[in-house]
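Asks: Before we start, here is the structure in question, set down as structure tokens.
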Amino acid sequence: MNKKKWFNTFKFLAAYLVAAWTFLQFVDWTLNRYSISPYWVDVLLWIFIGIIPSLLIYFFHRERINNRILKLREKIIFPLNIFIVAVGLYFGFGSTDLGATTKEINYTDDQGSAQKAIITKEEFRIGIPIYGFKNDTKIDSLDWMRYGIGQLLVEDLKQNKSISPDFAFYTDTSTKIEESSLFNDFYIDGTYKKEDDIYTIKAYKRKATNGKILKEKVVSGDNFLALIDELTVFIIENSGFVETKTLRYLDYPINEFMSNSLNAVSEYIEGNYSKAIELDNQFALAYLEFAKRRLRFSQGKLEVQDLTDKAFEYRQRLPLQKQLEVNIQRNLAYENFEDAEEQVQLQLEVDPHNAFYNDVLFSIYGETRETEKFFGSSERLFDIDPKPETGTNLAVAAMVSGHDDMLINEIKKYELISPNLKIFRIQPLLFKGEIEEVKELLEDVKTLYPSYNNKRHVYDSAVAYIKENGYDISKFKHFEGRYRSGFNEQVFTFWIDNNRLIKHVKNQAMDALLPAGPNTVVNGFLNNVTYKYNLALNDNGKVIGIKSTVFNYKESSSFWYWKEDETIQKAHEAFDKKDFASAEELYKTAIEENPKHDYLKNYLKHIQYLKERDIDSLVQQHQKYVGTYGPREFWIENNAFFYKRKSETTELPKYELLPIDDNRYMDISRAGTIMAFEINDKGQLASASYSFNTETFKWELTAVGENYFLKD
């Protein structure tokens with residue numbers, strides 16, 4: 001009897017499973033057809049599976065239960081089963097978007113007209129990691145394509161707002177699998193070669209967990225950029241994206257929005273934007289990326305404006321997304337920050353993955369010291385676009401805002417897939433004072449990653465200091481303030497918040513720093529670069545500057561930043577407003593209070609020199625020095641004097657020079673530089689530069705062979 005009941009029970013269960021599976025297939029089709037969240041399939045699947053215990057009891061005792069005769073165990077099991085399923089679904093899908101996969105967005109185009117579009121929601125966009133392509137030829141001049149193909153594919157694919165392409169330089173299979181399998185189902189790589197004038201590119205869609213080839217495409221032809229467009233179509237078709245009447249995307253040919261010059265494109269890929277522009281003076285994307293780089297590293301405000309204006313002039317060659325980036329970059333270049341922030345917030349609704357938009361937003365949060373907004377935006381970005389870059393950014397934001405436990409727990413989750421991620425726990429553990437655990441991690445680094453040794457020692461010093469003195473960030477209040485680079489226009493700002501010392505670099509994001517000595521703090525990631533900041537004090541113990549050292553795999557480089565107190569900042573503000581009477585008195589006070597800040601004397605000399613000269617005599621003085629001196633070019637614009645240096649290996653931004661006497665000029669952008677015009681012993685006019693040595697605290701003639709040039 002029981003054997004028959006069990007047989008019937010399993011027969012009904014089999015029928016139930018077949019019906020459930022058929023229903024799920026229908027639901028899946030419906031969801032795809034009407035752009036509804038695919039997570040409903042998962043929800044229904046777990047419901048169908050979750051109620052099986054109750055169904056087995058029902059099928060076995062169906063005759064009694066159909067007569068509404070339930071025993072105590074069934075009165076308990078049935079509602080308990082439903083409750084457990086409901087709780088499981090709540091925790092599993094409670095934060096999941098179960099609505100439409102698309103949304104309608106409103107935006108303003110380049111002409112200022114209101115537009116509408118339907119795009120895929122961020123969380124439903126298809127992640128497409130693309131890696132380096134292998135060079136199957138021995139032609140060295142084609143090596144740039146190893147990384148160039150992937151970068152060009154990403155640029156082209158970004159036009160589709162239903163996918164999330166990303167490029168990484170990895171070429172070894174193990175790293176590709178390790179990185180891609182964290183967040184994606186597949187990845188793209190391939191090979192290329194050139195025979196005579198014919199390029200051949202093979203692209204592979206591979207399974208993320210084992211590198212198995214799922215699809216492949218071979219394209220050949222003499223037009224390299226046209227082949228990139230063909231591969232883009234292949235990737236789109238095999239990504240899972242389905243174009244519909246309402247969900248479409250534009251696909252500009254890549255040579256239209258980049259350049260028809262392959263040499264210019266190769267220089268762009270290599271990051272040599274100036275050479276790319278020389279080869280194609282209408283290369284809008286090169287102008288834009290060059291302007292972004294100059295702005296990010298504060299390499300000349302005038303240069304940023306000139307490059308941005310060129311990008312704006314040729315912006316019609318770009319896809320809409322890039323045109324909008326040009327508009328935002330223009331507001332940043334001319335310091336219209338409110339307009340830039342408003343535009344960024346609007347565009348993030350359309351393109352929340354856009355690295356440029358997010359970088360601008362994070363920079364603004366740094367300016368306004370909004371650490372929780374930085375964390376919230378970084379967390380959201382990682383949720384909708386999980387990849388190593390957004391994960392690293394979230395790690396930085398978590399440390400800045402004090403979410404150390406969250407960060408440690410998240411890292412541990414992903415360590416199961418990628419064990420090398422454990423090095424990311426070093427910083428948050430040090431913030432928590434977990435010295436012994438950090439020491440174990442650093443020992444692992446020493447054994448497993450010997451190439452990190454040059455970068456690792458900053459944390460050895462942090463461990464030694466915190467172990468001896470504990471983590472008491474109040475001892476580092478003397479770091480607080482504003483520091484100006486002696487090399488360019490870059491500015492550091494330090495302050496204490498969330499029980500840690502925070503640093504913001506102008507036009508960049510915030511960082512959290514760890515104590516590593518009474519006057520030393522450190523930070524950075526071992527898989528990238530690490531940093532050490534040492535305060536410089538005068539004889540009275542007053543902070544006068546910071547020596548910033550960057551540690552790479554084998555080398556380190558140091559840069560000097562002057563601490564500018566409130567008096568200096570007020571003097572600069574008056575100077576910028578051309579209130580020279582107030583600025584003169586403020587600089588006198590600033591020099592008296594900061595005698596080591598010798599560059600301040602140049603401002604004072606310039607103000608006093610202006611009193612002795614009218615505009616005509618100043619222009620006559622400038623005119624005497626106009627011309628070319630080797631790689632240096634000096635010229636006049638609107639009665640102002642400008643300088644730019646260019647050579648095969650060096651290209652400096654455009655700088656404005658201000659006279660401090662009849663043959664010497666201060667560089668308004670580089671505090672540690674004076675340009676001079678001298679007559680040599682043969683009566684020839686020459687251009688020389690003087691640099692301020694922060695070891696001797698004296699102005700010194702820069703190496704004659706490198707920075708002393710006769711007028712052509």
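Residues in the structure tokens are numbered from 1 in each chain, the chains being A, B, ... in the order shown, and ligands are numbered from 1 in the order shown.
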Residues of range 226-299 of chain A that approach range 149-161 of chain A to 12 Å or less, counting only C-alpha atoms: could you list each one with the shortest pair of atoms and its distance in Å to one decimal, rows by chain and increasing residue number, as a Markdown table?
Replies:
```
| residue | atom | partner | partner_atom | distance |
| --- | --- | --- | --- | --- |
| A:Ala226 | CA | A:Leu152 | CA | 11.2 |
| A:Leu227 | CA | A:Ile149 | CA | 9.8 |
| A:Ile228 | CA | A:Leu153 | CA | 6.4 |
| A:Asp229 | CA | A:Asp156 | CA | 7.5 |
| A:Glu230 | CA | A:Leu153 | CA | 9.9 |
| A:Leu231 | CA | A:Leu153 | CA | 7.6 |
| A:Thr232 | CA | A:Leu153 | CA | 6.3 |
| A:Val233 | CA | A:Leu157 | CA | 8.9 |
| A:Phe234 | CA | A:Leu153 | CA | 10.9 |
| A:Ile235 | CA | A:Leu157 | CA | 8.7 |
| A:Ile236 | CA | A:Leu157 | CA | 8.0 |
| A:Glu237 | CA | A:Leu157 | CA | 11.7 |
| A:Ser239 | CA | A:Leu157 | CA | 11.3 |
| A:Phe241 | CA | A:Asn160 | CA | 9.6 |
| A:Val242 | CA | A:Asn160 | CA | 11.3 |
| A:Glu243 | CA | A:Asn160 | CA | 10.2 |
| A:Leu247 | CA | A:Lys161 | CA | 9.3 |
| A:Arg248 | CA | A:Asn160 | CA | 8.0 |
| A:Tyr249 | CA | A:Asn160 | CA | 5.3 |
| A:Leu250 | CA | A:Gln159 | CA | 6.3 |
| A:Asp251 | CA | A:Gln159 | CA | 6.4 |
| A:Tyr252 | CA | A:Asp156 | CA | 7.7 |
| A:Pro253 | CA | A:Asp156 | CA | 7.9 |
| A:Ile254 | CA | A:Asp156 | CA | 6.2 |
| A:Asn255 | CA | A:Asp156 | CA | 9.9 |
| A:Glu256 | CA | A:Asp156 | CA | 10.8 |
| A:Phe257 | CA | A:Asp156 | CA | 9.3 |
| A:Met258 | CA | A:Leu152 | CA | 9.5 |
| A:Ser259 | CA | A:Leu152 | CA | 11.6 |
| A:Leu262 | CA | A:Leu152 | CA | 11.8 |
| A:Val265 | CA | A:Leu152 | CA | 9.2 |
| A:Ser266 | CA | A:Ile149 | CA | 10.1 |
| A:Tyr268 | CA | A:Leu152 | CA | 10.3 |
| A:Ile269 | CA | A:Gln151 | CA | 7.5 |
| A:Glu270 | CA | A:Gln151 | CA | 10.5 |
| A:Gly271 | CA | A:Gln151 | CA | 11.6 |
| A:Leu285 | CA | A:Glu155 | CA | 10.4 |
```
Asks: How would you write, as a PyMOL selection string, the set of residues in range 269-327 of chain A that DSSP gives as alpha helix (DSSP H)?
Replies: chain A and resi 269+273-279+284-296+301-313+320-327
Asks: Please provide as a PyMOL selection string all residues within 8 Å of Asp185 in chain A, with the sequence filter that same-chain residues fewer than 5 positions apart are discarded (counting only C-alpha atoms).
Replies: chain A and resi 180+207-209
Asks: Deliver the residues from the most recent selection as a file, using N, CA and C atoms, as a short mmCIF file (atom, residue, chain, number, x, y, z; two decimals), in the first residue's frame.
Replies:
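Heads up, here's the output in again.cif:
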```cif
data_model
loop_
_atom_site.label_atom_id
_atom_site.label_comp_id
_atom_site.auth_asym_id
_atom_site.auth_seq_id
_atom_site.Cartn_x
_atom_site.Cartn_y
_atom_site.Cartn_z
N SER A 180 37.81 37.79 -14.67
CA SER A 180 36.49 37.82 -15.31
C SER A 180 35.45 37.00 -14.55
N LYS A 207 34.38 31.22 -22.06
CA LYS A 207 33.71 31.01 -20.78
C LYS A 207 34.59 31.55 -19.66
N ALA A 208 34.01 32.35 -18.77
CA ALA A 208 34.81 33.03 -17.77
C ALA A 208 35.47 32.08 -16.78
N THR A 209 34.84 30.95 -16.51
CA THR A 209 35.35 30.06 -15.47
C THR A 209 36.48 29.14 -15.91
#
```
Asks: Could you name the residues that touch range 84-91 of chain A at 10 Å or less, counting only C-alpha atoms, but leaving out those on the same chain fewer than 6 positions away, as a ChimeraX atom specification?
Replies: /A:42-44,46-51
Asks: Using only C-alpha atoms, can you tell me which of A:Arg125, A:Lys387, A:Lys542, A:Arg206 comes closest to Phe167 in chain A?
Replies: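 The closest residue to Phe167 in chain A is A:Lys387.
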Asks: Taking only C-alpha atoms into account, name the residue in A:Ser401, A:Thr628, A:Ser557, A:Ser689 that is nearest to Asp712 in chain A.
Replies: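 Using only C-alpha atoms, the shortest distance to Asp712 in chain A belongs to A:Thr628.
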Asks: Give me the residues near Glu555 in chain A as a list of chain:residue names, where near means some atom within 9 Å (using only C-alpha atoms) and where sequence neighbours in that chain fewer than 4 positions away do not count.
Replies: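 Counting only the stated atoms, we get A:Asn454, A:Val550, A:Phe551.
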Asks: Could you write those residues out with C-alpha atoms, as a short mmCIF file (atom, residue, chain, number, x, y, z; two decimals), in the first residue's frame?
Replies:
```
data_model
loop_
_atom_site.label_atom_id
_atom_site.label_comp_id
_atom_site.auth_asym_id
_atom_site.auth_seq_id
_atom_site.Cartn_x
_atom_site.Cartn_y
_atom_site.Cartn_z
CA ASN A 454 59.68 48.22 -2.84
CA VAL A 550 55.54 57.42 -4.86
CA PHE A 551 56.76 53.79 -4.74
#
```
Asks: Write out as JSON lines the residues of range 534-579 of chain A that have any atom within 6 Å of an atom of range 477-483 of chain A, one row each with the nearest atom pair and its distance in Å to one decimal, counting only C-alpha atoms, sorted by chain and then rising number.
Replies:
```
{"residue": "A:Tyr561", "atom": "CA", "partner": "A:Tyr483", "partner_atom": "CA", "distance": 5.5}
{"residue": "A:Trp562", "atom": "CA", "partner": "A:Tyr483", "partner_atom": "CA", "distance": 5.1}
{"residue": "A:Lys563", "atom": "CA", "partner": "A:Tyr483", "partner_atom": "CA", "distance": 4.3}
{"residue": "A:Glu564", "atom": "CA", "partner": "A:Arg482", "partner_atom": "CA", "distance": 5.7}
```
Asks: With distances taken over only C-alpha atoms, which of A:Asn354, A:Ser54, A:Asn263, A:Asn527 is nearest to Leu142 in chain A?
Replies: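 The closest residue to Leu142 in chain A is A:Asn263.
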Asks: For Val326 in chain A, which residue out of A:Ile69, A:Ala311, A:Leu348, A:Leu652 is the nearest one, using only C-alpha atoms?
Replies: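 Smallest separation from Val326 in chain A among the options: A:Ala311.
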Asks: What does the structure give for the distance between CA of Ala395 in chain A and CA of Gln299 in chain A, in Å to one decimal?
Replies: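 Result for CA of Ala395 in chain A versus CA of Gln299 in chain A: 27.5 Å, one decimal.
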Asks: Tell me which protein, DNA and RNA residues are within 8 Å of Ala333 in chain A, counting only C-alpha atoms, leaving out same-chain ones fewer than 2 positions away, and put them as a VMD selection string.
Replies: chain A and resid 295 301 304 to 305 308 329 to 331 335 to 336
Asks: Those same residues, written as a PDB file, in the first residue's frame with N, CA and C atoms?
Replies:
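Done, and the output landed in result-v9.pdb:
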```
ATOM      1  N   LEU A 295      44.004  68.179 -16.719  1.00  0.00           N
ATOM      2  CA  LEU A 295      43.212  68.685 -15.596  1.00  0.00           C
ATOM      3  C   LEU A 295      43.391  67.805 -14.366  1.00  0.00           C
ATOM      4  N   LYS A 301      46.422  75.231 -16.183  1.00  0.00           N
ATOM      5  CA  LYS A 301      45.035  75.606 -16.434  1.00  0.00           C
ATOM      6  C   LYS A 301      44.848  76.137 -17.859  1.00  0.00           C
ATOM      7  N   VAL A 304      44.833  73.282 -20.336  1.00  0.00           N
ATOM      8  CA  VAL A 304      43.563  72.556 -20.262  1.00  0.00           C
ATOM      9  C   VAL A 304      42.482  73.293 -21.043  1.00  0.00           C
ATOM     10  N   GLN A 305      42.434  74.601 -20.893  1.00  0.00           N
ATOM     11  CA  GLN A 305      41.427  75.385 -21.601  1.00  0.00           C
ATOM     12  C   GLN A 305      41.629  75.323 -23.112  1.00  0.00           C
ATOM     13  N   THR A 308      40.638  71.835 -24.361  1.00  0.00           N
ATOM     14  CA  THR A 308      39.184  71.665 -24.273  1.00  0.00           C
ATOM     15  C   THR A 308      38.482  72.448 -25.373  1.00  0.00           C
ATOM     16  N   GLN A 329      33.664  68.829 -19.525  1.00  0.00           N
ATOM     17  CA  GLN A 329      35.085  69.167 -19.432  1.00  0.00           C
ATOM     18  C   GLN A 329      35.295  70.678 -19.607  1.00  0.00           C
ATOM     19  N   ARG A 330      34.509  71.278 -20.467  1.00  0.00           N
ATOM     20  CA  ARG A 330      34.651  72.728 -20.694  1.00  0.00           C
ATOM     21  C   ARG A 330      34.274  73.508 -19.442  1.00  0.00           C
ATOM     22  N   ASN A 331      33.216  73.093 -18.772  1.00  0.00           N
ATOM     23  CA  ASN A 331      32.845  73.762 -17.530  1.00  0.00           C
ATOM     24  C   ASN A 331      33.916  73.589 -16.466  1.00  0.00           C
ATOM     25  N   GLU A 335      36.266  76.382 -14.711  1.00  0.00           N
ATOM     26  CA  GLU A 335      35.911  76.416 -13.283  1.00  0.00           C
ATOM     27  C   GLU A 335      34.461  76.804 -13.039  1.00  0.00           C
ATOM     28  N   ASN A 336      33.576  76.377 -13.945  1.00  0.00           N
ATOM     29  CA  ASN A 336      32.133  76.513 -13.721  1.00  0.00           C
ATOM     30  C   ASN A 336      31.643  75.230 -13.038  1.00  0.00           C
TER      31      ASN A 336
END
```
Asks: Could you tell me how far CA of Tyr655 in chain A sits from CA of Arg670 in chain A, in Å to one decimal place?
Replies: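 That distance, rounded to one decimal, is 8.6 Å.
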Asks: Hey, which of A:Thr368, A:Ile546, A:Lys605, A:Gly486 ends up closest to Phe692 in chain A? Count only C-alpha atoms.
Replies: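 Closest candidate: A:Gly486.
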